$ cat entry.pdb   # PDB, C-alpha atoms
ATOM      1  CA  MET V   1     113.178  39.156 266.628
ATOM      2  CA  ALA V   2     116.752  40.175 265.939
ATOM      3  CA  ASP V   3     117.515  42.093 262.751
ATOM      4  CA  LYS V   4     118.397  39.981 259.760
ATOM      5  CA  LEU V   5     122.154  39.830 259.163
ATOM      6  CA  ILE V   6     123.478  41.425 255.956
ATOM      7  CA  THR V   7     124.904  38.026 255.014
ATOM      8  CA  ASP V   8     121.527  36.290 255.486
ATOM      9  CA  ILE V   9     120.434  36.485 251.844
ATOM     10  CA  GLY V  10     119.055  32.986 251.231
ATOM     11  CA  GLY V  11     115.972  33.154 249.021
ATOM     12  CA  GLU V  12     116.488  36.726 247.847
ATOM     13  CA  ALA V  13     116.515  37.449 244.132
ATOM     14  CA  ALA V  14     120.131  37.469 242.990
ATOM     15  CA  GLY V  15     120.091  37.076 239.201
ATOM     16  CA  ASP V  16     122.335  34.735 237.283
ATOM     17  CA  VAL V  17     125.420  33.211 238.826
ATOM     18  CA  PRO V  18     128.505  34.847 237.249
ATOM     19  CA  ARG V  19     130.487  32.160 235.429
ATOM     20  CA  ASP V  20     133.521  34.189 234.362
ATOM     21  CA  ASP V  21     136.800  33.013 235.772
ATOM     22  CA  TYR V  22     138.652  35.412 238.035
ATOM     23  CA  ASN V  23     142.430  35.638 238.178
ATOM     24  CA  MET V  24     143.511  36.495 241.689
ATOM     25  CA  LEU V  25     145.779  39.509 242.001
ATOM     26  CA  PHE V  26     149.074  39.060 243.809
ATOM     27  CA  TRP V  27     147.980  41.061 246.878
ATOM     28  CA  GLU V  28     144.833  38.951 247.115
ATOM     29  CA  LYS V  29     146.864  35.746 247.241
ATOM     30  CA  GLN V  30     149.187  37.267 249.824
ATOM     31  CA  MET V  31     146.282  38.476 251.907
ATOM     32  CA  ILE V  32     144.563  35.060 251.882
ATOM     33  CA  ALA V  33     147.882  33.495 252.923
ATOM     34  CA  THR V  34     148.064  36.019 255.775
ATOM     35  CA  PHE V  35     144.517  35.144 256.831
ATOM     36  CA  ASN V  36     145.364  31.411 256.832
ATOM     37  CA  MET V  37     148.465  32.097 258.925
ATOM     38  CA  LEU V  38     146.427  34.119 261.447
ATOM     39  CA  GLN V  39     144.032  31.169 261.764
ATOM     40  CA  THR V  40     146.861  28.643 262.130
ATOM     41  CA  LYS V  41     148.342  30.747 264.927
ATOM     42  CA  GLN V  42     144.863  31.044 266.512
ATOM     43  CA  LEU V  43     144.986  34.829 266.412
ATOM     44  CA  VAL V  44     141.744  34.942 264.432
ATOM     45  CA  VAL V  45     139.027  32.324 263.939
ATOM     46  CA  THR V  46     136.568  32.079 261.050
ATOM     47  CA  ASP V  47     133.601  32.838 263.305
ATOM     48  CA  GLU V  48     135.167  36.156 264.291
ATOM     49  CA  TYR V  49     135.772  37.016 260.659
ATOM     50  CA  ARG V  50     132.128  36.258 259.804
ATOM     51  CA  ARG V  51     130.966  38.422 262.707
ATOM     52  CA  ILE V  52     133.173  41.381 261.778
ATOM     53  CA  VAL V  53     131.846  41.241 258.192
ATOM     54  CA  GLU V  54     128.281  41.223 259.498
ATOM     55  CA  GLU V  55     129.087  44.363 261.496
ATOM     56  CA  MET V  56     130.177  46.252 258.367
ATOM     57  CA  PRO V  57     127.808  49.016 257.204
ATOM     58  CA  ALA V  58     125.291  47.564 254.723
ATOM     59  CA  ASP V  59     126.327  50.043 251.991
ATOM     60  CA  TYR V  60     129.960  49.070 252.338
ATOM     61  CA  TYR V  61     129.120  45.367 252.334
ATOM     62  CA  LYS V  62     127.019  45.598 249.170
ATOM     63  CA  ASN V  63     129.619  47.610 247.248
ATOM     64  CA  SER V  64     132.722  45.759 248.451
ATOM     65  CA  THR V  65     134.553  42.859 246.856
ATOM     66  CA  PHE V  66     135.244  39.452 248.396
ATOM     67  CA  TYR V  67     138.943  40.227 248.833
ATOM     68  CA  GLY V  68     138.360  43.830 249.854
ATOM     69  CA  ARG V  69     136.037  42.688 252.654
ATOM     70  CA  ARG V  70     138.548  40.064 253.727
ATOM     71  CA  LEU V  71     141.296  42.668 254.007
ATOM     72  CA  GLU V  72     139.073  45.147 255.872
ATOM     73  CA  GLY V  73     137.919  42.360 258.178
ATOM     74  CA  ILE V  74     141.443  41.251 259.037
ATOM     75  CA  VAL V  75     142.481  44.838 259.788
ATOM     76  CA  ALA V  76     139.395  45.467 261.946
ATOM     77  CA  LEU V  77     139.936  42.243 263.946
ATOM     78  CA  LEU V  78     143.639  42.856 264.517
ATOM     79  CA  ILE V  79     142.910  46.407 265.695
ATOM     80  CA  GLU V  80     140.070  45.145 267.926
ATOM     81  CA  LYS V  81     142.448  42.637 269.505
ATOM     82  CA  GLY V  82     145.161  45.258 269.983
ATOM     83  CA  ILE V  83     147.608  43.323 267.777
ATOM     84  CA  ILE V  84     148.113  46.219 265.378
ATOM     85  CA  ASP V  85     147.570  49.950 265.734
ATOM     86  CA  ARG V  86     145.439  51.797 263.160
ATOM     87  CA  GLU V  87     147.687  54.870 263.118
ATOM     88  CA  ALA V  88     150.819  52.752 262.696
ATOM     89  CA  LEU V  89     149.165  50.903 259.817
ATOM     90  CA  LYS V  90     148.200  54.224 258.189
ATOM     91  CA  GLU V  91     151.757  55.555 258.487
ATOM     92  CA  ARG V  92     153.245  52.364 257.102
ATOM     93  CA  THR V  93     150.786  52.314 254.191
ATOM     94  CA  LYS V  94     151.535  55.973 253.393
ATOM     95  CA  ALA V  95     155.310  55.351 253.475
ATOM     96  CA  ILE V  96     154.897  52.492 250.987
ATOM     97  CA  PHE V  97     152.649  54.555 248.699
ATOM     98  CA  ASP V  98     155.037  57.517 248.862
ATOM     99  CA  ALA V  99     158.014  55.324 247.987
ATOM    100  CA  GLY V 100     156.074  53.582 245.205
ATOM    101  CA  THR V 101     157.479  50.260 246.379
ATOM    102  CA  ARG V 102     157.389  48.074 249.438
ATOM    103  CA  ASP V 103     161.013  47.074 249.041
ATOM    104  CA  HIS V 104     163.339  48.481 251.699
ATOM    105  CA  VAL V 105     160.705  50.896 253.021
TER     106      VAL V 105
ATOM    107  CA  MET Y   1     130.852  14.661 275.235
ATOM    108  CA  SER Y   2     127.247  13.807 276.035
ATOM    109  CA  GLU Y   3     124.834  11.470 274.247
ATOM    110  CA  PRO Y   4     123.186  13.274 271.342
ATOM    111  CA  LYS Y   5     119.589  14.262 272.077
ATOM    112  CA  TYR Y   6     118.302  13.439 268.587
ATOM    113  CA  GLU Y   7     118.767  10.418 266.354
ATOM    114  CA  PRO Y   8     118.613  10.176 262.579
ATOM    115  CA  GLY Y   9     114.957  10.274 261.500
ATOM    116  CA  ASP Y  10     113.740  12.351 264.450
ATOM    117  CA  ARG Y  11     111.470  15.219 263.410
ATOM    118  CA  VAL Y  12     112.632  18.608 264.638
ATOM    119  CA  GLN Y  13     111.555  22.208 264.323
ATOM    120  CA  ILE Y  14     114.175  24.860 263.721
ATOM    121  CA  LEU Y  15     113.589  27.644 266.211
ATOM    122  CA  ASP Y  16     113.900  31.400 265.958
ATOM    123  CA  ILE Y  17     115.604  32.175 269.244
ATOM    124  CA  GLY Y  18     115.791  35.900 268.422
ATOM    125  CA  LYS Y  19     119.456  36.085 269.263
ATOM    126  CA  PRO Y  20     121.209  39.249 268.063
ATOM    127  CA  GLY Y  21     124.707  39.196 266.601
ATOM    128  CA  HIS Y  22     126.495  36.364 264.854
ATOM    129  CA  VAL Y  23     124.353  33.258 264.407
ATOM    130  CA  ARG Y  24     124.555  30.377 261.942
ATOM    131  CA  THR Y  25     120.852  29.662 261.394
ATOM    132  CA  PRO Y  26     119.563  31.503 258.320
ATOM    133  CA  THR Y  27     116.190  33.233 258.511
ATOM    134  CA  TYR Y  28     114.580  31.197 255.734
ATOM    135  CA  VAL Y  29     114.778  27.922 257.684
ATOM    136  CA  ARG Y  30     113.473  29.231 261.000
ATOM    137  CA  HIS Y  31     110.138  27.770 262.135
ATOM    138  CA  LYS Y  32     110.516  25.004 259.520
ATOM    139  CA  VAL Y  33     110.174  21.331 260.396
ATOM    140  CA  GLY Y  34     112.674  18.778 259.140
ATOM    141  CA  VAL Y  35     114.299  15.469 259.969
ATOM    142  CA  ILE Y  36     117.629  14.778 261.629
ATOM    143  CA  GLU Y  37     119.924  13.388 258.942
ATOM    144  CA  ARG Y  38     122.892  12.817 261.256
ATOM    145  CA  TYR Y  39     124.599  13.934 264.403
ATOM    146  CA  CYS Y  40     127.796  15.724 263.335
ATOM    147  CA  GLY Y  41     129.621  15.910 266.670
ATOM    148  CA  ASP Y  42     130.005  18.437 269.450
ATOM    149  CA  PHE Y  43     131.616  21.794 268.739
ATOM    150  CA  GLU Y  44     132.236  25.050 270.551
ATOM    151  CA  ASN Y  45     129.411  27.493 269.954
ATOM    152  CA  PRO Y  46     130.362  29.735 266.995
ATOM    153  CA  GLU Y  47     128.033  32.399 268.424
ATOM    154  CA  ASP Y  48     130.545  32.709 271.290
ATOM    155  CA  LYS Y  49     133.734  32.127 269.314
ATOM    156  CA  ALA Y  50     132.727  34.991 267.001
ATOM    157  CA  TYR Y  51     133.229  37.393 269.920
ATOM    158  CA  GLY Y  52     136.515  35.942 271.148
ATOM    159  CA  ARG Y  53     134.884  33.770 273.830
ATOM    160  CA  TRP Y  54     136.848  30.596 273.122
ATOM    161  CA  GLY Y  55     136.988  27.446 275.209
ATOM    162  CA  GLY Y  56     133.267  27.081 275.998
ATOM    163  CA  ALA Y  57     131.514  23.744 276.453
ATOM    164  CA  PRO Y  58     131.004  21.924 273.141
ATOM    165  CA  ILE Y  59     127.408  21.625 271.969
ATOM    166  CA  ALA Y  60     125.802  19.144 269.585
ATOM    167  CA  LEU Y  61     125.560  19.924 265.899
ATOM    168  CA  TYR Y  62     123.062  18.123 263.672
ATOM    169  CA  ARG Y  63     122.544  17.955 259.941
ATOM    170  CA  VAL Y  64     118.863  18.641 259.347
ATOM    171  CA  ARG Y  65     117.053  17.645 256.158
ATOM    172  CA  LEU Y  66     114.284  19.954 254.934
ATOM    173  CA  MET Y  67     112.065  19.572 251.897
ATOM    174  CA  GLN Y  68     112.674  22.340 249.370
ATOM    175  CA  SER Y  69     108.929  22.508 248.775
ATOM    176  CA  ASP Y  70     108.480  23.415 252.477
ATOM    177  CA  LEU Y  71     110.944  26.290 252.145
ATOM    178  CA  TRP Y  72     109.898  28.076 248.978
ATOM    179  CA  PRO Y  73     106.326  28.966 248.053
ATOM    180  CA  GLY Y  74     105.557  27.758 244.534
ATOM    181  CA  TYR Y  75     108.703  25.601 244.358
ATOM    182  CA  THR Y  76     108.859  24.112 240.852
ATOM    183  CA  GLY Y  77     111.601  21.480 241.297
ATOM    184  CA  THR Y  78     110.918  17.813 241.911
ATOM    185  CA  PRO Y  79     108.974  17.025 245.096
ATOM    186  CA  ASN Y  80     111.911  14.967 246.420
ATOM    187  CA  ASP Y  81     114.365  17.897 246.456
ATOM    188  CA  VAL Y  82     115.859  18.482 249.871
ATOM    189  CA  LEU Y  83     118.101  20.975 251.597
ATOM    190  CA  GLU Y  84     120.460  19.793 254.313
ATOM    191  CA  LEU Y  85     122.136  22.212 256.647
ATOM    192  CA  GLU Y  86     123.869  22.025 259.972
ATOM    193  CA  ILE Y  87     122.051  23.413 262.992
ATOM    194  CA  TYR Y  88     123.179  23.589 266.599
ATOM    195  CA  ASP Y  89     121.170  21.893 269.324
ATOM    196  CA  HIS Y  90     119.894  25.112 270.941
ATOM    197  CA  TRP Y  91     118.172  26.073 267.672
ATOM    198  CA  LEU Y  92     116.152  22.819 267.595
ATOM    199  CA  ALA Y  93     113.043  21.484 269.330
ATOM    200  CA  PRO Y  94     111.315  18.118 268.946
ATOM    201  CA  ALA Y  95     108.462  18.240 266.431
ATOM    202  CA  ALA Y  96     105.319  16.126 266.378
ATOM    203  CA  GLU Y  97     105.259  13.105 264.085
ATOM    204  CA  GLU Y  98     103.796  13.777 260.666
ATOM    205  CA  ALA Y  99     100.116  12.930 260.403
ATOM    206  CA  ALA Y 100      99.714   9.641 258.531
TER     207      ALA Y 100
END

$ encode --input "entry.pdb" --output "structure tokens"
Amino acid sequence: MADKLITDIGGEAAGDVPRDDYNMLFWEKQMIATFNMLQTKQLVVTDEYRRIVEEMPADYYKNSTFYGRRLEGIVALLIEKGIIDREALKERTKAIFDAGTRDHV
Amino acid sequence: MSEPKYEPGDRVQILDIGKPGHVRTPTYVRHKVGVIERYCGDFENPEDKAYGRWGGAPIALYRVRLMQSDLWPGYTGTPNDVLELEIYDHWLAPAAEEAA
């Protein structure tokens, strides 16, 4: 029998359902919009996203957030498909952090 | 598109096909027997699409109705509670009729 997927949690004890509202941060909205655009352009499909999440290390998965996982998943898929380059992404991220703004960087 | 193999009301067993990687059949329903609620249409296999293999032959998807009391030992809800979930054809096998 294949190992149980980290997302296959049906029936496990999970405690109470959190009922606090959550205000999405701006980057989270932007990132979800990016994900929707990638799907519309057929660069990524939902099934691939689910699979890449299931391939994440269990420790990372358990300690990550919904939006954090989504971002990591998008990056991993786009690198896997050769659409973006990890080093280029690192350099671009560093340039933005160093400048303290994304404007005109 | 081919004729669906199962019709609403048919008893089916959800299989454990032991397939590694991305699958859409949760562990807690495997080996359980339920009833076809409806045929949902034919769709590309998500187990292939998850790995970038797009454009495969569509396969039948069914909504299967299971009794909650069959799923959870010591279930304390009402005996009529059901769970319906969508299962692809290759995860299903015909099941014997329930003993009267």

$ interface_residues --input "entry.pdb" --of "chain Y" --to "chain V" --cutoff "12 Å" --atoms "all atoms listed in the file" --output "tab-separated table (two decimals) with C-alpha atoms, keeping the file's coordinate frame"
chain	number	residue	atom	x	y	z
Y	15	LEU	CA	113.59	27.64	266.21
Y	16	ASP	CA	113.90	31.40	265.96
Y	17	ILE	CA	115.60	32.17	269.24
Y	18	GLY	CA	115.79	35.90	268.42
Y	19	LYS	CA	119.46	36.08	269.26
Y	20	PRO	CA	121.21	39.25	268.06
Y	21	GLY	CA	124.71	39.20	266.60
Y	22	HIS	CA	126.50	36.36	264.85
Y	23	VAL	CA	124.35	33.26	264.41
Y	24	ARG	CA	124.56	30.38	261.94
Y	25	THR	CA	120.85	29.66	261.39
Y	26	PRO	CA	119.56	31.50	258.32
Y	27	THR	CA	116.19	33.23	258.51
Y	28	TYR	CA	114.58	31.20	255.73
Y	29	VAL	CA	114.78	27.92	257.68
Y	30	ARG	CA	113.47	29.23	261.00
Y	44	GLU	CA	132.24	25.05	270.55
Y	45	ASN	CA	129.41	27.49	269.95
Y	46	PRO	CA	130.36	29.74	267.00
Y	47	GLU	CA	128.03	32.40	268.42
Y	48	ASP	CA	130.54	32.71	271.29
Y	49	LYS	CA	133.73	32.13	269.31
Y	50	ALA	CA	132.73	34.99	267.00
Y	51	TYR	CA	133.23	37.39	269.92
Y	52	GLY	CA	136.51	35.94	271.15
Y	53	ARG	CA	134.88	33.77	273.83
Y	54	TRP	CA	136.85	30.60	273.12
Y	68	GLN	CA	112.67	22.34	249.37
Y	71	LEU	CA	110.94	26.29	252.14
Y	72	TRP	CA	109.90	28.08	248.98
Y	73	PRO	CA	106.33	28.97	248.05
Y	75	TYR	CA	108.70	25.60	244.36

$ residues_around --input "entry.pdb" --residues "stretch 83-87 of chain Y" --least-positions-apart "4" --cutoff "7 Å" --atoms "all atoms listed in the file" --output "compact mmCIF listing (two decimals) with C-alpha atoms, in the frame of the given file"
# COMPACT_ATOMS: atom_id res chain seq x y z
CA THR Y 25 120.85 29.66 261.39
CA LEU Y 61 125.56 19.92 265.90
CA TYR Y 62 123.06 18.12 263.67
CA ARG Y 63 122.54 17.95 259.94
CA VAL Y 64 118.86 18.64 259.35
CA ARG Y 65 117.05 17.64 256.16
CA LEU Y 66 114.28 19.95 254.93
CA MET Y 67 112.06 19.57 251.90
CA GLN Y 68 112.67 22.34 249.37
CA TRP Y 91 118.17 26.07 267.67

$ atom_distance --input "entry.pdb" --atom1 "atom CA of Y:Pro4" --atom2 "atom CA of Y:Ala57"
14.3 Å

$ closest_residue --input "entry.pdb" --among "Y:Asp89, Y:Glu37, Y:Glu97, Y:Asp81" --to "Y:Ala60" --atoms "all atoms listed in the file"
Y:Asp89

$ atom_distance --input "entry.pdb" --atom1 "atom CA of Y:Thr78" --atom2 "atom CA of Y:Val35"
18.5 Å

$ resolve_selection --input "entry.pdb" --expression "the PyMOL selection byres ((chain V and resi 31-35) around 9)" --output "list of chain:residue names"
V:Phe26, V:Trp27, V:Glu28, V:Lys29, V:Gln30, V:Asn36, V:Met37, V:Leu38, V:Gln39, V:Thr40, V:Val44, V:Tyr67, V:Arg70, V:Leu71, V:Ile74

$ axis_aligned_box --input "entry.pdb" --around "stretch 4-9 of chain V" --padding-each-side "3 Å" --output "lines of an AutoDock Vina configuration file"
center_x = 121.7
center_y = 38.9
center_z = 255.8
size_x = 12.5
size_y = 11.1
size_z = 13.9

$ atom_distance --input "entry.pdb" --atom1 "atom CA of Y:Gly56" --atom2 "atom CA of Y:Tyr88"
14.2 Å

$ closest_residue --input "entry.pdb" --among "Y:Cys40, Y:Val33, Y:Val12, Y:Ile59" --to "Y:Leu92" --atoms "all atoms listed in the file"
Y:Val12

$ decode --input "entry.pdb" --residues "stretch 39-78 of chain V" --atoms "N, CA and C atoms" --output "PDB file, in the first residue's frame"
ATOM      1  N   GLN V  39      -3.564  29.518 -14.041  1.00  0.00           N
ATOM      2  CA  GLN V  39      -4.537  28.480 -14.414  1.00  0.00           C
ATOM      3  C   GLN V  39      -5.257  28.845 -15.704  1.00  0.00           C
ATOM      4  N   THR V  40      -5.664  30.129 -15.805  1.00  0.00           N
ATOM      5  CA  THR V  40      -6.371  30.587 -17.004  1.00  0.00           C
ATOM      6  C   THR V  40      -5.510  30.383 -18.248  1.00  0.00           C
ATOM      7  N   LYS V  41      -4.203  30.648 -18.089  1.00  0.00           N
ATOM      8  CA  LYS V  41      -3.290  30.490 -19.227  1.00  0.00           C
ATOM      9  C   LYS V  41      -2.817  29.041 -19.386  1.00  0.00           C
ATOM     10  N   GLN V  42      -3.342  28.141 -18.551  1.00  0.00           N
ATOM     11  CA  GLN V  42      -3.011  26.713 -18.633  1.00  0.00           C
ATOM     12  C   GLN V  42      -1.531  26.438 -18.413  1.00  0.00           C
ATOM     13  N   LEU V  43      -0.886  27.299 -17.620  1.00  0.00           N
ATOM     14  CA  LEU V  43       0.518  27.041 -17.293  1.00  0.00           C
ATOM     15  C   LEU V  43       0.605  26.107 -16.090  1.00  0.00           C
ATOM     16  N   VAL V  44      -0.415  26.151 -15.258  1.00  0.00           N
ATOM     17  CA  VAL V  44      -0.484  25.312 -14.061  1.00  0.00           C
ATOM     18  C   VAL V  44      -1.927  24.844 -13.915  1.00  0.00           C
ATOM     19  N   VAL V  45      -2.125  23.591 -13.529  1.00  0.00           N
ATOM     20  CA  VAL V  45      -3.489  23.133 -13.222  1.00  0.00           C
ATOM     21  C   VAL V  45      -3.560  22.756 -11.738  1.00  0.00           C
ATOM     22  N   THR V  46      -4.785  22.789 -11.220  1.00  0.00           N
ATOM     23  CA  THR V  46      -5.003  22.528  -9.788  1.00  0.00           C
ATOM     24  C   THR V  46      -4.399  21.202  -9.351  1.00  0.00           C
ATOM     25  N   ASP V  47      -4.517  20.185 -10.195  1.00  0.00           N
ATOM     26  CA  ASP V  47      -4.001  18.859  -9.819  1.00  0.00           C
ATOM     27  C   ASP V  47      -2.490  18.894  -9.604  1.00  0.00           C
ATOM     28  N   GLU V  48      -1.805  19.698 -10.410  1.00  0.00           N
ATOM     29  CA  GLU V  48      -0.352  19.832 -10.227  1.00  0.00           C
ATOM     30  C   GLU V  48      -0.047  20.529  -8.914  1.00  0.00           C
ATOM     31  N   TYR V  49      -0.843  21.560  -8.619  1.00  0.00           N
ATOM     32  CA  TYR V  49      -0.623  22.276  -7.355  1.00  0.00           C
ATOM     33  C   TYR V  49      -0.826  21.330  -6.170  1.00  0.00           C
ATOM     34  N   ARG V  50      -1.893  20.532  -6.210  1.00  0.00           N
ATOM     35  CA  ARG V  50      -2.138  19.579  -5.115  1.00  0.00           C
ATOM     36  C   ARG V  50      -0.967  18.610  -4.971  1.00  0.00           C
ATOM     37  N   ARG V  51      -0.459  18.141  -6.109  1.00  0.00           N
ATOM     38  CA  ARG V  51       0.649  17.176  -6.074  1.00  0.00           C
ATOM     39  C   ARG V  51       1.920  17.811  -5.500  1.00  0.00           C
ATOM     40  N   ILE V  52       2.200  19.054  -5.897  1.00  0.00           N
ATOM     41  CA  ILE V  52       3.442  19.676  -5.413  1.00  0.00           C
ATOM     42  C   ILE V  52       3.353  19.928  -3.902  1.00  0.00           C
ATOM     43  N   VAL V  53       2.147  20.228  -3.408  1.00  0.00           N
ATOM     44  CA  VAL V  53       1.968  20.404  -1.957  1.00  0.00           C
ATOM     45  C   VAL V  53       2.205  19.072  -1.245  1.00  0.00           C
ATOM     46  N   GLU V  54       1.687  18.003  -1.830  1.00  0.00           N
ATOM     47  CA  GLU V  54       1.850  16.683  -1.209  1.00  0.00           C
ATOM     48  C   GLU V  54       3.311  16.246  -1.183  1.00  0.00           C
ATOM     49  N   GLU V  55       4.119  16.822  -2.059  1.00  0.00           N
ATOM     50  CA  GLU V  55       5.547  16.473  -2.098  1.00  0.00           C
ATOM     51  C   GLU V  55       6.370  17.304  -1.115  1.00  0.00           C
ATOM     52  N   MET V  56       5.730  18.295  -0.468  1.00  0.00           N
ATOM     53  CA  MET V  56       6.471  19.117   0.492  1.00  0.00           C
ATOM     54  C   MET V  56       6.832  18.275   1.714  1.00  0.00           C
ATOM     55  N   PRO V  57       7.983  18.572   2.352  1.00  0.00           N
ATOM     56  CA  PRO V  57       8.340  17.828   3.566  1.00  0.00           C
ATOM     57  C   PRO V  57       7.232  17.982   4.610  1.00  0.00           C
ATOM     58  N   ALA V  58       6.942  16.901   5.333  1.00  0.00           N
ATOM     59  CA  ALA V  58       5.818  16.907   6.285  1.00  0.00           C
ATOM     60  C   ALA V  58       5.962  18.030   7.314  1.00  0.00           C
ATOM     61  N   ASP V  59       7.194  18.266   7.802  1.00  0.00           N
ATOM     62  CA  ASP V  59       7.413  19.323   8.793  1.00  0.00           C
ATOM     63  C   ASP V  59       7.036  20.687   8.235  1.00  0.00           C
ATOM     64  N   TYR V  60       7.465  20.909   6.983  1.00  0.00           N
ATOM     65  CA  TYR V  60       7.143  22.197   6.357  1.00  0.00           C
ATOM     66  C   TYR V  60       5.625  22.326   6.214  1.00  0.00           C
ATOM     67  N   TYR V  61       4.997  21.274   5.726  1.00  0.00           N
ATOM     68  CA  TYR V  61       3.554  21.314   5.488  1.00  0.00           C
ATOM     69  C   TYR V  61       2.797  21.653   6.773  1.00  0.00           C
ATOM     70  N   LYS V  62       3.183  20.993   7.871  1.00  0.00           N
ATOM     71  CA  LYS V  62       2.450  21.179   9.126  1.00  0.00           C
ATOM     72  C   LYS V  62       2.641  22.573   9.705  1.00  0.00           C
ATOM     73  N   ASN V  63       3.804  23.184   9.445  1.00  0.00           N
ATOM     74  CA  ASN V  63       4.096  24.488  10.046  1.00  0.00           C
ATOM     75  C   ASN V  63       3.867  25.649   9.090  1.00  0.00           C
ATOM     76  N   SER V  64       3.378  25.368   7.884  1.00  0.00           N
ATOM     77  CA  SER V  64       3.201  26.425   6.892  1.00  0.00           C
ATOM     78  C   SER V  64       1.785  26.962   6.952  1.00  0.00           C
ATOM     79  N   THR V  65       1.585  28.111   6.313  1.00  0.00           N
ATOM     80  CA  THR V  65       0.243  28.684   6.223  1.00  0.00           C
ATOM     81  C   THR V  65      -0.352  28.366   4.857  1.00  0.00           C
ATOM     82  N   PHE V  66      -1.651  28.542   4.733  1.00  0.00           N
ATOM     83  CA  PHE V  66      -2.352  28.317   3.467  1.00  0.00           C
ATOM     84  C   PHE V  66      -1.698  29.118   2.342  1.00  0.00           C
ATOM     85  N   TYR V  67      -1.488  30.420   2.594  1.00  0.00           N
ATOM     86  CA  TYR V  67      -0.947  31.280   1.537  1.00  0.00           C
ATOM     87  C   TYR V  67       0.546  31.044   1.332  1.00  0.00           C
ATOM     88  N   GLY V  68       1.255  30.718   2.415  1.00  0.00           N
ATOM     89  CA  GLY V  68       2.668  30.415   2.280  1.00  0.00           C
ATOM     90  C   GLY V  68       2.893  29.189   1.410  1.00  0.00           C
ATOM     91  N   ARG V  69       2.080  28.161   1.644  1.00  0.00           N
ATOM     92  CA  ARG V  69       2.158  26.925   0.830  1.00  0.00           C
ATOM     93  C   ARG V  69       1.826  27.222  -0.622  1.00  0.00           C
ATOM     94  N   ARG V  70       0.817  28.083  -0.819  1.00  0.00           N
ATOM     95  CA  ARG V  70       0.412  28.389  -2.195  1.00  0.00           C
ATOM     96  C   ARG V  70       1.562  29.061  -2.945  1.00  0.00           C
ATOM     97  N   LEU V  71       2.218  30.009  -2.258  1.00  0.00           N
ATOM     98  CA  LEU V  71       3.339  30.705  -2.885  1.00  0.00           C
ATOM     99  C   LEU V  71       4.486  29.731  -3.185  1.00  0.00           C
ATOM    100  N   GLU V  72       4.855  28.921  -2.188  1.00  0.00           N
ATOM    101  CA  GLU V  72       5.934  27.952  -2.381  1.00  0.00           C
ATOM    102  C   GLU V  72       5.600  26.979  -3.511  1.00  0.00           C
ATOM    103  N   GLY V  73       4.335  26.585  -3.573  1.00  0.00           N
ATOM    104  CA  GLY V  73       3.896  25.641  -4.601  1.00  0.00           C
ATOM    105  C   GLY V  73       3.998  26.224  -6.001  1.00  0.00           C
ATOM    106  N   ILE V  74       3.565  27.484  -6.126  1.00  0.00           N
ATOM    107  CA  ILE V  74       3.648  28.148  -7.435  1.00  0.00           C
ATOM    108  C   ILE V  74       5.103  28.223  -7.880  1.00  0.00           C
ATOM    109  N   VAL V  75       5.977  28.661  -6.962  1.00  0.00           N
ATOM    110  CA  VAL V  75       7.397  28.806  -7.297  1.00  0.00           C
ATOM    111  C   VAL V  75       7.967  27.447  -7.726  1.00  0.00           C
ATOM    112  N   ALA V  76       7.676  26.409  -6.937  1.00  0.00           N
ATOM    113  CA  ALA V  76       8.227  25.081  -7.239  1.00  0.00           C
ATOM    114  C   ALA V  76       7.749  24.580  -8.609  1.00  0.00           C
ATOM    115  N   LEU V  77       6.467  24.816  -8.926  1.00  0.00           N
ATOM    116  CA  LEU V  77       5.930  24.354 -10.219  1.00  0.00           C
ATOM    117  C   LEU V  77       6.543  25.123 -11.382  1.00  0.00           C
ATOM    118  N   LEU V  78       6.686  26.440 -11.214  1.00  0.00           N
ATOM    119  CA  LEU V  78       7.227  27.243 -12.314  1.00  0.00           C
ATOM    120  C   LEU V  78       8.704  26.926 -12.549  1.00  0.00           C
TER     121      LEU V  78
END
